[in-house]
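Student: My structure is stored as final-v6.txt, with compact mmCIF, C-alpha atoms.
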```txt
# COMPACT_ATOMS: atom_id res chain seq x y z
CA MET A 1 -73.42 -36.44 -23.77
CA GLY A 2 -72.01 -37.92 -26.96
CA LEU A 3 -68.43 -36.82 -26.22
CA PHE A 4 -68.65 -38.15 -22.66
CA LEU A 5 -69.89 -41.56 -23.89
CA LEU A 6 -67.13 -41.69 -26.50
CA GLU A 7 -64.47 -41.02 -23.86
CA MET A 8 -65.98 -43.61 -21.53
CA THR A 9 -66.10 -46.18 -24.34
CA LEU A 10 -62.48 -45.63 -25.31
CA SER A 11 -61.31 -46.10 -21.73
CA MET A 12 -64.03 -48.49 -20.49
CA PRO A 13 -62.80 -50.92 -17.83
CA THR A 14 -63.76 -54.58 -18.14
CA THR A 15 -66.39 -54.37 -15.35
CA LEU A 16 -68.20 -51.76 -13.31
CA ASP A 17 -66.28 -53.03 -10.29
CA ASP A 18 -63.06 -52.06 -12.10
CA LEU A 19 -64.50 -48.61 -12.74
CA LEU A 20 -65.44 -48.20 -9.08
CA ARG A 21 -61.99 -49.36 -7.90
CA ARG A 22 -60.30 -46.92 -10.28
CA LEU A 23 -62.44 -44.00 -9.12
CA MET A 24 -61.91 -44.93 -5.47
CA LYS A 25 -58.17 -44.61 -6.11
CA ASN A 26 -58.73 -40.97 -7.07
CA ASN A 27 -55.39 -39.20 -6.72
CA LEU A 28 -56.41 -35.91 -8.34
CA PHE A 29 -59.29 -34.24 -6.50
CA ARG A 30 -59.07 -33.29 -2.87
CA ASP A 31 -62.42 -31.42 -3.01
CA ARG A 32 -63.90 -30.64 -6.43
CA GLU A 33 -66.62 -28.48 -4.85
CA LYS A 34 -63.98 -25.81 -4.34
CA LEU A 35 -64.07 -25.26 -8.12
CA ARG A 36 -67.83 -24.68 -8.24
CA PRO A 37 -68.90 -21.07 -8.97
CA ASP A 38 -71.20 -20.99 -5.92
CA TYR A 39 -68.36 -21.77 -3.48
CA VAL A 40 -67.29 -18.64 -1.60
CA PRO A 41 -63.65 -18.92 -0.44
CA GLU A 42 -62.21 -17.17 2.58
CA THR A 43 -60.40 -14.76 0.28
CA LEU A 44 -61.44 -13.37 -3.11
CA PRO A 45 -58.29 -12.38 -5.03
CA HIS A 46 -58.53 -9.10 -6.96
CA ARG A 47 -61.92 -8.19 -5.51
CA GLU A 48 -60.71 -6.74 -2.21
CA VAL A 49 -61.60 -3.20 -3.35
CA HIS A 50 -65.14 -4.21 -4.27
CA ILE A 51 -65.61 -6.03 -0.96
CA THR A 52 -64.58 -2.86 0.85
CA GLN A 53 -66.80 -0.65 -1.32
CA LEU A 54 -69.90 -2.77 -0.68
CA ALA A 55 -69.14 -3.00 3.03
CA GLN A 56 -68.69 0.79 3.23
CA ILE A 57 -72.15 1.26 1.72
CA LEU A 58 -73.89 -1.18 4.08
CA LEU A 59 -72.06 -1.12 7.41
CA PRO A 60 -72.17 2.53 8.56
CA SER A 61 -75.97 2.62 8.39
CA ILE A 62 -76.41 -0.81 9.98
CA VAL A 63 -74.29 -0.07 13.04
CA ARG A 64 -76.31 3.11 13.60
CA GLY A 65 -79.61 1.28 13.21
CA ALA A 66 -80.40 3.09 9.95
CA ARG A 67 -81.40 1.74 6.54
CA PRO A 68 -78.46 1.17 4.18
CA SER A 69 -78.75 2.62 0.69
CA ASN A 70 -80.03 0.39 -2.07
CA VAL A 71 -77.21 -0.86 -4.30
CA PHE A 72 -77.15 -1.74 -7.99
CA ILE A 73 -74.29 -4.04 -9.07
CA TYR A 74 -73.54 -4.91 -12.67
CA GLY A 75 -70.83 -6.44 -14.83
CA TYR A 76 -70.25 -9.36 -17.17
CA THR A 77 -70.83 -12.98 -16.13
CA GLY A 78 -68.07 -14.40 -13.94
CA THR A 79 -66.66 -11.09 -12.70
CA GLY A 80 -67.28 -11.83 -9.01
CA LYS A 81 -70.51 -9.91 -8.38
CA THR A 82 -72.37 -12.77 -6.69
CA ALA A 83 -69.31 -14.03 -4.82
CA VAL A 84 -68.49 -10.57 -3.39
CA THR A 85 -72.10 -9.95 -2.37
CA ARG A 86 -72.41 -13.35 -0.72
CA TYR A 87 -69.03 -12.84 1.01
CA VAL A 88 -70.08 -9.49 2.52
CA LEU A 89 -73.56 -10.71 3.51
CA ASN A 90 -72.12 -13.84 5.15
CA TRP A 91 -69.74 -11.63 7.14
CA ILE A 92 -72.57 -9.33 8.21
CA ASP A 93 -74.69 -12.30 9.33
CA SER A 94 -71.89 -13.87 11.33
CA ARG A 95 -70.47 -10.73 12.95
CA LEU A 96 -73.15 -8.10 13.44
CA ASN A 97 -75.74 -10.35 15.04
CA GLU A 98 -73.17 -11.06 17.75
CA SER A 99 -72.76 -7.37 18.51
CA PRO A 100 -74.63 -6.12 21.62
CA GLU A 101 -74.33 -2.45 20.54
CA SER A 102 -77.19 -2.44 17.99
CA PRO A 103 -80.83 -2.83 19.05
CA TYR A 104 -81.59 -4.28 15.63
CA ARG A 105 -81.16 -7.81 14.35
CA VAL A 106 -79.64 -8.03 10.89
CA LYS A 107 -81.13 -10.49 8.40
CA THR A 108 -79.65 -11.10 4.96
CA VAL A 109 -81.16 -13.13 2.14
CA MET A 110 -79.95 -13.81 -1.40
CA ILE A 111 -82.48 -14.83 -4.06
CA ASN A 112 -81.53 -16.11 -7.51
CA CYS A 113 -84.10 -14.59 -9.85
CA THR A 114 -83.32 -17.03 -12.64
CA ASN A 115 -84.96 -19.73 -10.50
CA ASN A 116 -87.38 -17.31 -8.81
CA ASP A 117 -88.49 -15.29 -11.83
CA THR A 118 -92.01 -14.35 -10.75
CA ASN A 119 -93.28 -11.96 -8.10
CA TYR A 120 -94.93 -14.87 -6.30
CA ARG A 121 -91.70 -16.89 -6.08
CA VAL A 122 -89.64 -13.93 -4.86
CA LEU A 123 -92.19 -13.05 -2.19
CA ARG A 124 -92.43 -16.70 -1.20
CA ALA A 125 -88.63 -16.77 -0.73
CA LEU A 126 -88.73 -13.55 1.31
CA ASN A 127 -91.49 -14.90 3.56
CA GLU A 128 -89.67 -18.19 4.08
CA ALA A 129 -86.49 -16.29 4.98
CA LEU A 130 -88.51 -14.99 7.93
CA GLY A 131 -89.78 -18.46 8.78
CA ILE A 132 -93.24 -18.12 7.21
CA LYS A 133 -94.33 -21.21 5.27
CA ILE A 134 -96.00 -20.36 1.96
CA PRO A 135 -97.59 -22.81 -0.54
CA PHE A 136 -96.07 -23.05 -4.01
CA THR A 137 -99.19 -21.49 -5.52
CA GLY A 138 -102.67 -20.36 -4.55
CA LEU A 139 -102.29 -17.09 -2.64
CA PRO A 140 -102.66 -13.61 -4.14
CA VAL A 141 -99.36 -11.75 -4.56
CA ALA A 142 -100.81 -8.85 -2.56
CA GLU A 143 -101.44 -11.23 0.36
CA LEU A 144 -97.84 -12.50 0.24
CA TYR A 145 -96.54 -8.93 0.28
CA GLU A 146 -98.70 -8.01 3.29
CA ARG A 147 -97.62 -11.11 5.23
CA PHE A 148 -93.98 -10.34 4.54
CA LYS A 149 -94.30 -6.67 5.50
CA LYS A 150 -96.21 -7.42 8.71
CA THR A 151 -93.81 -10.13 9.86
CA LEU A 152 -90.71 -8.09 9.04
CA ASP A 153 -92.03 -5.09 10.96
CA SER A 154 -92.65 -7.24 14.03
CA ARG A 155 -89.01 -8.38 14.19
CA MET A 156 -87.10 -5.07 14.77
CA THR A 157 -84.84 -6.18 11.90
CA ILE A 158 -82.65 -4.54 9.30
CA MET A 159 -83.11 -6.82 6.29
CA ILE A 160 -80.77 -6.80 3.30
CA VAL A 161 -82.22 -8.52 0.22
CA ALA A 162 -79.91 -9.34 -2.68
CA LEU A 163 -81.70 -10.16 -5.94
CA ASP A 164 -79.18 -11.99 -8.10
CA GLU A 165 -79.82 -11.83 -11.87
CA VAL A 166 -82.66 -9.43 -11.13
CA ASP A 167 -83.10 -8.82 -14.87
CA SER A 168 -84.71 -12.29 -15.17
CA LEU A 169 -87.45 -11.19 -12.77
CA VAL A 170 -88.08 -7.85 -14.46
CA LYS A 171 -88.09 -9.22 -18.02
CA LYS A 172 -90.67 -11.87 -17.09
CA SER A 173 -92.81 -10.16 -14.46
CA GLY A 174 -92.17 -6.43 -14.78
CA ASP A 175 -90.77 -4.05 -12.14
CA GLU A 176 -93.82 -3.58 -9.89
CA LEU A 177 -92.42 -5.75 -7.09
CA LEU A 178 -89.09 -3.92 -7.26
CA TYR A 179 -90.96 -0.66 -6.89
CA LYS A 180 -92.85 -1.95 -3.83
CA LEU A 181 -89.65 -3.21 -2.18
CA THR A 182 -87.76 0.03 -2.81
CA ARG A 183 -90.66 1.93 -1.19
CA ILE A 184 -91.48 -0.50 1.61
CA ASN A 185 -89.63 1.50 4.28
CA SER A 186 -92.35 4.17 4.21
CA GLU A 187 -94.78 1.44 5.36
CA LEU A 188 -92.53 0.00 8.11
CA GLN A 189 -92.50 1.34 11.66
CA ASN A 190 -89.96 -0.88 13.44
CA SER A 191 -87.83 -2.52 10.73
CA LYS A 192 -85.92 -1.50 7.64
CA LEU A 193 -85.16 -3.10 4.27
CA SER A 194 -82.35 -2.51 1.81
CA LEU A 195 -82.12 -3.95 -1.71
CA ILE A 196 -79.10 -5.10 -3.71
CA GLY A 197 -79.80 -5.72 -7.40
CA ILE A 198 -77.25 -7.80 -9.33
CA THR A 199 -77.27 -8.23 -13.11
CA ASN A 200 -75.09 -9.34 -16.03
CA ASP A 201 -77.16 -7.22 -18.43
CA LEU A 202 -75.37 -3.92 -18.82
CA ASN A 203 -78.52 -2.43 -20.39
CA PHE A 204 -80.80 -3.64 -17.60
CA ARG A 205 -81.56 -0.16 -16.26
CA ASP A 206 -83.28 0.61 -19.58
CA TYR A 207 -85.99 -1.93 -18.68
CA LEU A 208 -86.86 -0.12 -15.45
CA ASN A 209 -89.43 2.56 -14.89
CA ALA A 210 -87.78 5.87 -13.98
CA ARG A 211 -89.20 5.74 -10.44
CA VAL A 212 -87.64 2.30 -9.84
CA ARG A 213 -84.37 3.30 -11.48
CA SER A 214 -83.89 6.23 -9.12
CA SER A 215 -84.83 4.21 -6.01
CA LEU A 216 -82.78 1.10 -6.75
CA GLY A 217 -79.69 2.89 -8.02
CA GLU A 218 -78.89 4.94 -4.91
CA GLU A 219 -75.40 3.43 -5.04
CA GLU A 220 -73.80 1.64 -7.98
CA LEU A 221 -70.88 -0.76 -8.27
CA VAL A 222 -69.38 -1.86 -11.58
CA PHE A 223 -67.30 -5.05 -11.74
CA PRO A 224 -64.73 -5.03 -14.57
CA PRO A 225 -63.68 -8.29 -16.28
CA TYR A 226 -60.67 -10.16 -14.89
CA ASN A 227 -57.53 -10.20 -17.00
CA ALA A 228 -55.49 -13.35 -17.66
CA ASP A 229 -53.04 -12.70 -14.80
CA GLU A 230 -55.88 -12.18 -12.31
CA LEU A 231 -57.64 -15.34 -13.48
CA ARG A 232 -54.39 -17.27 -13.05
CA ASP A 233 -54.14 -16.06 -9.44
CA ILE A 234 -57.75 -17.13 -8.80
CA LEU A 235 -57.17 -20.57 -10.33
CA GLU A 236 -53.93 -21.14 -8.42
CA HIS A 237 -55.71 -20.27 -5.18
CA ARG A 238 -58.64 -22.61 -5.88
CA ALA A 239 -56.40 -25.38 -7.25
CA LYS A 240 -54.62 -25.63 -3.90
CA LEU A 241 -57.98 -26.28 -2.26
CA ALA A 242 -59.40 -28.58 -4.94
CA PHE A 243 -56.47 -30.82 -6.01
CA TYR A 244 -53.73 -32.83 -4.39
CA PRO A 245 -50.21 -31.35 -4.78
CA GLY A 246 -48.34 -32.00 -8.02
CA VAL A 247 -51.24 -33.27 -10.15
CA ILE A 248 -51.52 -30.26 -12.48
CA GLU A 249 -49.08 -30.14 -15.39
CA ASP A 250 -47.21 -26.88 -16.06
CA GLY A 251 -49.16 -24.71 -18.48
CA VAL A 252 -52.62 -25.97 -17.52
CA ILE A 253 -53.60 -23.06 -15.28
CA PRO A 254 -52.20 -20.37 -17.63
CA LEU A 255 -54.11 -21.96 -20.54
CA CYS A 256 -57.39 -22.02 -18.58
CA ALA A 257 -56.84 -18.38 -17.61
CA HIS A 258 -56.02 -17.35 -21.18
CA MET A 259 -59.10 -19.09 -22.61
CA ALA A 260 -61.40 -17.49 -20.04
CA ALA A 261 -59.83 -14.04 -20.44
CA ARG A 262 -60.96 -14.06 -24.07
CA GLU A 263 -64.58 -14.36 -22.88
CA HIS A 264 -64.97 -11.12 -20.91
CA GLY A 265 -62.61 -12.32 -18.15
CA ASP A 266 -65.08 -14.94 -16.93
CA ALA A 267 -63.83 -16.60 -13.73
CA ARG A 268 -66.66 -19.15 -13.87
CA ARG A 269 -65.46 -20.24 -17.28
CA ALA A 270 -61.89 -20.59 -15.98
CA LEU A 271 -63.01 -22.65 -12.97
CA ASP A 272 -65.23 -24.87 -15.15
CA LEU A 273 -62.36 -25.51 -17.56
CA LEU A 274 -60.06 -26.62 -14.75
CA ARG A 275 -62.71 -28.76 -13.06
CA VAL A 276 -63.87 -30.50 -16.27
CA ALA A 277 -60.25 -31.08 -17.33
CA GLY A 278 -59.69 -32.76 -13.96
CA GLU A 279 -62.81 -34.89 -14.40
CA ILE A 280 -61.70 -36.04 -17.86
CA ALA A 281 -58.27 -36.95 -16.47
CA GLU A 282 -59.96 -38.77 -13.58
CA ARG A 283 -62.15 -40.82 -15.93
CA GLU A 284 -59.06 -41.88 -17.85
CA GLY A 285 -57.17 -42.83 -14.72
CA ALA A 286 -54.45 -40.27 -15.54
CA SER A 287 -51.99 -39.24 -12.84
CA LYS A 288 -51.80 -35.63 -14.04
CA ILE A 289 -54.07 -33.05 -15.64
CA THR A 290 -52.57 -32.01 -18.97
CA ILE A 291 -53.03 -29.27 -21.55
CA GLU A 292 -54.77 -31.81 -23.80
CA HIS A 293 -57.32 -32.40 -21.02
CA VAL A 294 -58.02 -28.65 -20.95
CA ARG A 295 -58.57 -28.52 -24.72
CA ARG A 296 -61.00 -31.42 -24.53
CA ALA A 297 -62.74 -29.80 -21.55
CA SER A 298 -63.23 -26.66 -23.64
CA LEU A 299 -64.94 -28.65 -26.40
CA GLU A 300 -67.16 -30.44 -23.88
CA ILE A 301 -68.21 -27.20 -22.16
CA GLU A 302 -68.92 -25.46 -25.46
CA ARG A 303 -71.05 -28.38 -26.61
CA ASP A 304 -73.00 -28.43 -23.35
CA LYS A 305 -73.61 -24.66 -23.53
CA ALA A 306 -74.82 -24.86 -27.12
CA VAL A 307 -77.15 -27.80 -26.43
CA GLU A 308 -78.72 -26.04 -23.44
CA LEU A 309 -79.16 -22.83 -25.42
CA ILE A 310 -80.86 -24.67 -28.31
CA ARG A 311 -83.14 -26.53 -25.90
CA THR A 312 -84.42 -23.25 -24.46
CA LEU A 313 -85.05 -21.49 -27.80
CA PRO A 314 -88.64 -20.53 -28.72
CA PHE A 315 -90.38 -22.90 -31.13
CA HIS A 316 -90.00 -20.80 -34.29
CA SER A 317 -86.36 -20.04 -33.51
CA LYS A 318 -85.72 -23.79 -33.35
CA LEU A 319 -87.42 -24.20 -36.72
CA VAL A 320 -85.25 -21.47 -38.28
CA LEU A 321 -82.15 -23.14 -36.82
CA ALA A 322 -83.39 -26.49 -38.20
CA ALA A 323 -83.73 -24.88 -41.63
CA VAL A 324 -80.12 -23.67 -41.44
CA TYR A 325 -79.08 -27.19 -40.45
CA LEU A 326 -80.89 -28.74 -43.42
CA LEU A 327 -79.07 -26.30 -45.73
CA ARG A 328 -75.68 -26.91 -44.10
CA ASP A 329 -74.13 -28.33 -47.29
CA LYS A 330 -74.71 -25.12 -49.30
CA VAL A 331 -71.33 -23.85 -50.46
CA GLY A 332 -70.69 -20.44 -48.94
CA GLY A 333 -73.78 -20.69 -46.75
CA ALA A 334 -77.56 -20.45 -47.23
CA THR A 335 -79.35 -17.22 -48.06
CA THR A 336 -82.16 -15.78 -45.96
CA GLY A 337 -84.62 -16.58 -48.74
CA GLU A 338 -83.55 -20.23 -48.92
CA ILE A 339 -83.81 -20.53 -45.14
CA TYR A 340 -87.30 -19.03 -45.19
CA ASP A 341 -88.44 -21.48 -47.88
CA ILE A 342 -87.30 -24.47 -45.78
CA TYR A 343 -88.79 -22.90 -42.65
CA ILE A 344 -92.18 -22.59 -44.42
CA ARG A 345 -92.09 -26.25 -45.44
CA LEU A 346 -91.22 -27.30 -41.88
CA VAL A 347 -93.80 -25.19 -40.08
CA LYS A 348 -96.62 -26.24 -42.43
CA ALA A 349 -95.62 -29.91 -42.23
CA LEU A 350 -95.86 -29.68 -38.43
CA GLY A 351 -99.28 -28.02 -38.63
CA PHE A 352 -98.44 -24.50 -37.38
CA GLU A 353 -98.91 -21.02 -38.79
CA PRO A 354 -95.70 -19.45 -40.20
CA ILE A 355 -94.30 -16.13 -39.08
CA THR A 356 -93.28 -13.44 -41.57
CA GLN A 357 -90.02 -13.43 -43.52
CA ARG A 358 -89.06 -10.22 -41.73
CA ARG A 359 -89.42 -11.95 -38.37
CA VAL A 360 -87.38 -14.91 -39.62
CA SER A 361 -84.66 -12.46 -40.65
CA ASP A 362 -84.74 -11.01 -37.11
CA ILE A 363 -84.43 -14.52 -35.65
CA ILE A 364 -81.40 -15.18 -37.87
CA SER A 365 -79.77 -12.06 -36.43
CA GLU A 366 -80.61 -13.21 -32.88
CA LEU A 367 -79.13 -16.67 -33.50
CA ASP A 368 -76.01 -14.97 -34.86
CA VAL A 369 -75.68 -12.79 -31.74
CA VAL A 370 -75.80 -15.80 -29.38
CA GLY A 371 -73.21 -17.65 -31.48
CA LEU A 372 -75.24 -20.56 -32.87
CA ILE A 373 -74.90 -19.45 -36.49
CA GLN A 374 -72.74 -17.05 -38.48
CA ALA A 375 -74.54 -14.57 -40.74
CA LYS A 376 -72.47 -12.42 -43.11
CA LEU A 377 -73.61 -9.77 -45.55
CA GLN A 378 -71.89 -10.06 -48.92
CA SER A 379 -72.10 -7.74 -51.90
CA ARG A 380 -73.50 -9.11 -55.16
CA GLY A 381 -72.71 -6.06 -57.21
CA ARG A 382 -75.73 -4.56 -58.93
CA TYR A 383 -77.91 -7.25 -57.30
CA GLY A 384 -77.34 -5.66 -53.91
CA ARG A 385 -76.21 -7.32 -50.69
CA THR A 386 -77.19 -10.80 -49.52
CA LYS A 387 -76.86 -12.44 -46.12
CA TYR A 388 -75.23 -15.89 -46.11
CA VAL A 389 -75.72 -18.11 -43.09
CA LYS A 390 -73.65 -21.02 -41.75
CA ILE A 391 -73.78 -23.20 -38.63
CA ARG A 392 -71.29 -22.00 -36.02
CA VAL A 393 -71.52 -24.82 -33.44
CA SER A 394 -70.69 -28.50 -33.83
CA GLU A 395 -73.20 -30.61 -35.73
CA ARG A 396 -73.35 -32.98 -32.75
CA ALA A 397 -74.41 -30.17 -30.39
CA LEU A 398 -76.96 -28.86 -32.86
CA THR A 399 -78.58 -32.24 -33.51
CA GLU A 400 -78.66 -33.05 -29.79
CA GLY A 401 -80.30 -29.72 -29.04
CA LEU A 402 -82.92 -30.06 -31.77
CA LYS A 403 -83.68 -33.68 -30.83
CA SER A 404 -84.64 -32.47 -27.36
CA ASP A 405 -87.79 -31.06 -29.00
CA GLU A 406 -89.80 -34.22 -29.71
CA LEU A 407 -91.90 -32.60 -32.44
CA ILE A 408 -89.09 -30.97 -34.41
CA GLY A 409 -86.46 -33.61 -33.69
CA GLY A 410 -88.82 -36.47 -34.46
CA TYR A 411 -89.81 -34.94 -37.80
CA ILE A 412 -86.33 -34.01 -39.01
CA PHE A 413 -84.32 -36.97 -37.79
CA GLU A 414 -86.87 -39.78 -37.83
CA GLY A 415 -89.75 -38.85 -40.15
CA GLY A 416 -90.65 -36.03 -42.47
CA THR A 417 -90.31 -36.03 -46.23
CA PRO A 418 -87.24 -37.19 -48.20
CA GLY A 419 -86.36 -33.60 -49.03
CA LEU A 420 -86.34 -32.57 -45.37
CA ARG A 421 -85.16 -35.69 -43.67
CA ARG A 422 -81.56 -36.11 -42.58
CA ARG A 423 -79.78 -38.55 -44.89
```
Would you mind writing the file out in structure tokens?
Tutor:
Amino acid sequence: MGLFLLEMTLSMPTTLDDLLRRLMKNNLFRDREKLRPDYVPETLPHREVHITQLAQILLPSIVRGARPSNVFIYGYTGTGKTAVTRYVLNWIDSRLNESPESPYRVKTVMINCTNNDTNYRVLRALNEALGIKIPFTGLPVAELYERFKKTLDSRMTIMIVALDEVDSLVKKSGDELLYKLTRINSELQNSKLSLIGITNDLNFRDYLNARVRSSLGEEELVFPPYNADELRDILEHRAKLAFYPGVIEDGVIPLCAHMAAREHGDARRALDLLRVAGEIAEREGASKITIEHVRRASLEIERDKAVELIRTLPFHSKLVLAAVYLLRDKVGGATTGEIYDIYIRLVKALGFEPITQRRVSDIISELDVVGLIQAKLQSRGRYGRTKYVKIRVSERALTEGLKSDELIGGYIFEGGTPGLRRR
């Protein structure tokens, strides 16, 4: 938010009417929604093989009125898993229900398990996909399952259920619902159900019970990361849909592709970079999107990601991060022992029970893995090895993230003791 306000201040028009007139003269975006990750274009460059593979798994069974195999799809974020699945399911919905050859209706539904991360919410979404209204809370999960099963079996329907980011459901609620859904066909007389599980977690299968693992993983698809050339093709295709001709400076699309290729070939990252660069240029009233706009977009996206990550950290992880922040001026970084001492002072001042130093050390490693801090082991000769910790994100992002917690932010930045308060 701070970077956005700074940019707006530097280029602030004299009145809000001036701002509105300038934005109404937009000569950059034709349709910015075409750069959103949830937009599914008519063609998906460099995923034609995966589209065919998924269709070959689903279609032969459907046209014969049989149950398609369950499918497990995995790969890094932004590799096209969701887009390909949605593309194939949209095609199945639009084409097969028009075919008079099959006695079965085909129903597809895609559920994002990040938003629907409990068994109740998933079953509620499945029921509502069949037109059954379910309250937000109040019914037993077993009742929801029975309603869904009974209604589905009365429809003579082949239902394909795609659970996007299915790891979020399993990590929060366990795999019992997955087990029920993979076995539901033995309880159906007139309808059939097939599952597609989609995850970014390459170790997700380790969380599953062996019986679920064998049922869900009847077929598997792996999506490799995009390389820089493939990302450039994707961006050029989307840019034609999203921008007016001639508004993108040479070098902008290759730079976005190169930056995203360094992060596991993440197409979402590439699309976000191009969109945010366009929005920065639009706010400035620029006639072209430049390389400088891309670099500033990268900083803005990184800051936003870091702030959101800090906001969602558990309480004690935020306190450990706050301790690192308070020791940010230590030359060479703070040691684990120094961080623990500050953590103890913070947690006691806030009236909570501290966790062990071993657990704090684990949290430091976790914060290092997600990129919020940098922890390096250094040799001290006969004194052994010591871990030194530094902040890895911008101070602005870190303070904004910590301030989102009223208790911690209020104590560190507005109250507390002189030794712990920000100067």
Student: Which one of A:Glu366, A:Glu230, A:Leu35, A:Ser361 sits closest to Thr335 (chain A) if you count all atoms listed in the file?
Tutor: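 Nearest candidate to Thr335 (chain A) out of A:Glu366, A:Glu230, A:Leu35, A:Ser361: A:Ser361.
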Student: Would you pick out the contacts of Glu176 (chain A) at 12 Å or less, using all atoms listed in the file, so that residues sharing its chain but fewer than 2 positions from it are not included, and give the list as number ranges by chain?
Tutor: A: 118-120, 141-142, 145, 169-174, 178-183, 207-213
Student: Using only C-alpha atoms, give me every residue within 12 Å of (-91.6, -8.7, 13.1) in file coordinates, as a list of chain:residue names.
Tutor: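 Final list of nearby residues, as requested, is A:Tyr104, A:Arg105, A:Lys107, A:Asn127, A:Leu130, A:Gly131, A:Ile132, A:Arg147, A:Phe148, A:Lys149, A:Lys150, A:Thr151, A:Leu152, A:Asp153, A:Ser154, A:Arg155, A:Met156, A:Thr157, A:Ile158, A:Met159, A:Leu188, A:Gln189, A:Asn190, A:Ser191, A:Lys192.
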Student: Store the residues picked out above in a file with C-alpha atoms, as a CSV table (one decimal), keeping the file's coordinate frame.
Tutor:
```csv
chain,number,residue,atom,x,y,z
A,104,TYR,CA,-81.6,-4.3,15.6
A,105,ARG,CA,-81.2,-7.8,14.4
A,107,LYS,CA,-81.1,-10.5,8.4
A,127,ASN,CA,-91.5,-14.9,3.6
A,130,LEU,CA,-88.5,-15.0,7.9
A,131,GLY,CA,-89.8,-18.5,8.8
A,132,ILE,CA,-93.2,-18.1,7.2
A,147,ARG,CA,-97.6,-11.1,5.2
A,148,PHE,CA,-94.0,-10.3,4.5
A,149,LYS,CA,-94.3,-6.7,5.5
A,150,LYS,CA,-96.2,-7.4,8.7
A,151,THR,CA,-93.8,-10.1,9.9
A,152,LEU,CA,-90.7,-8.1,9.0
A,153,ASP,CA,-92.0,-5.1,11.0
A,154,SER,CA,-92.6,-7.2,14.0
A,155,ARG,CA,-89.0,-8.4,14.2
A,156,MET,CA,-87.1,-5.1,14.8
A,157,THR,CA,-84.8,-6.2,11.9
A,158,ILE,CA,-82.6,-4.5,9.3
A,159,MET,CA,-83.1,-6.8,6.3
A,188,LEU,CA,-92.5,0.0,8.1
A,189,GLN,CA,-92.5,1.3,11.7
A,190,ASN,CA,-90.0,-0.9,13.4
A,191,SER,CA,-87.8,-2.5,10.7
A,192,LYS,CA,-85.9,-1.5,7.6
```
Student: Write out as number ranges by chain the residues lying within 10 Å of region 38-42 of chain A, counting only C-alpha atoms and excluding same-chain residues fewer than 3 positions away.
Tutor: A: 33-35, 45, 82-87, 90, 237-238, 241, 268
Student: I'd like the interatomic distance between CA of Glu187 (chain A) and CA of Leu139 (chain A), to a tenth of an Å.
Tutor: 21.5 Å
Student: Taking all atoms listed in the file into account, name the residue in A:Lys376, A:Arg345, A:Arg358, A:Lys390 that is nearest to Leu327 (chain A).
Tutor: A:Lys390
Student: At what distance in Å, to one decimal, does CA of Ala242 (chain A) lie from CA of Val294 (chain A)?
Tutor: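 Separating CA of Val294 (chain A) from CA of Ala242 (chain A) is a distance of 16.1 Å.
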Student: Any idea what's packed within 10 Å of Asp93 (chain A), counting all atoms listed in the file, ignoring anything in its chain fewer than 2 positions away? Could you give it as a PyMOL selection string?
Tutor: chain A and resi 88-91+95-98+105-109
Student: Using all atoms listed in the file, which of A:Leu402, A:Ile62, A:Leu123, A:Leu195 sits nearest Ala306 (chain A)?
Tutor: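 The answer is A:Leu402, which sits nearest to Ala306 (chain A).
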Student: Select, from A:Pro68, A:Gly401, A:Val161, A:Gly78, the residue with the minimum atom-to-atom distance to Asp272 (chain A), counting all atoms listed in the file.
Tutor: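 Once distances to Asp272 (chain A) are computed over all atoms listed in the file, the minimum belongs to A:Gly78.
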Student: Please determine, counting all atoms listed in the file, which residue among A:Ile73, A:Val324, A:Leu163, A:Ala257 has the shortest atom-to-atom distance to Glu395 (chain A).
Tutor: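 Result for the nearest residue to Glu395 (chain A): A:Val324.
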Student: Pick the closest to Leu321 (chain A) from A:Ile373, A:Val276, A:Ser394, A:Leu309: which is it, counting only C-alpha atoms?
Tutor: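 Counting only C-alpha atoms, the residue closest to Leu321 (chain A) is A:Ile373.
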Student: What's the separation between CA of Ala66 (chain A) and CA of Ala129 (chain A), in Å to one decimal place?
Tutor: 20.9 Å
Student: Contacts of Val389 (chain A) at 6 Å or less, counting all atoms listed in the file, minus same-chain residues fewer than 2 places along, as number ranges by chain?
Tutor: A: 333-334, 374-375
Student: Name the residues within 7 Å of (-89.2, -23.0, -38.9), counting all atoms listed in the file in the file's coordinates, and put them as a list of chain:residue names.
Tutor: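 Counting all atoms listed in the file, I find these residues within 7 Å of (-89.2, -23.0, -38.9): A:His316, A:Ser317, A:Lys318, A:Leu319, A:Val320, A:Ala322, A:Ala323, A:Tyr343, A:Ile344, A:Leu346, A:Val347.
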Student: Find the residues around Leu255 (chain A) up to 12 Å (all atoms listed in the file counted), leave out those fewer than 4 positions away in its own chain, and share them as a VMD selection string.
Tutor: chain A and resid 228 to 229 231 to 232 235 248 to 251 259 to 262 269 to 271 273 to 274 277 290 to 295 297 to 298
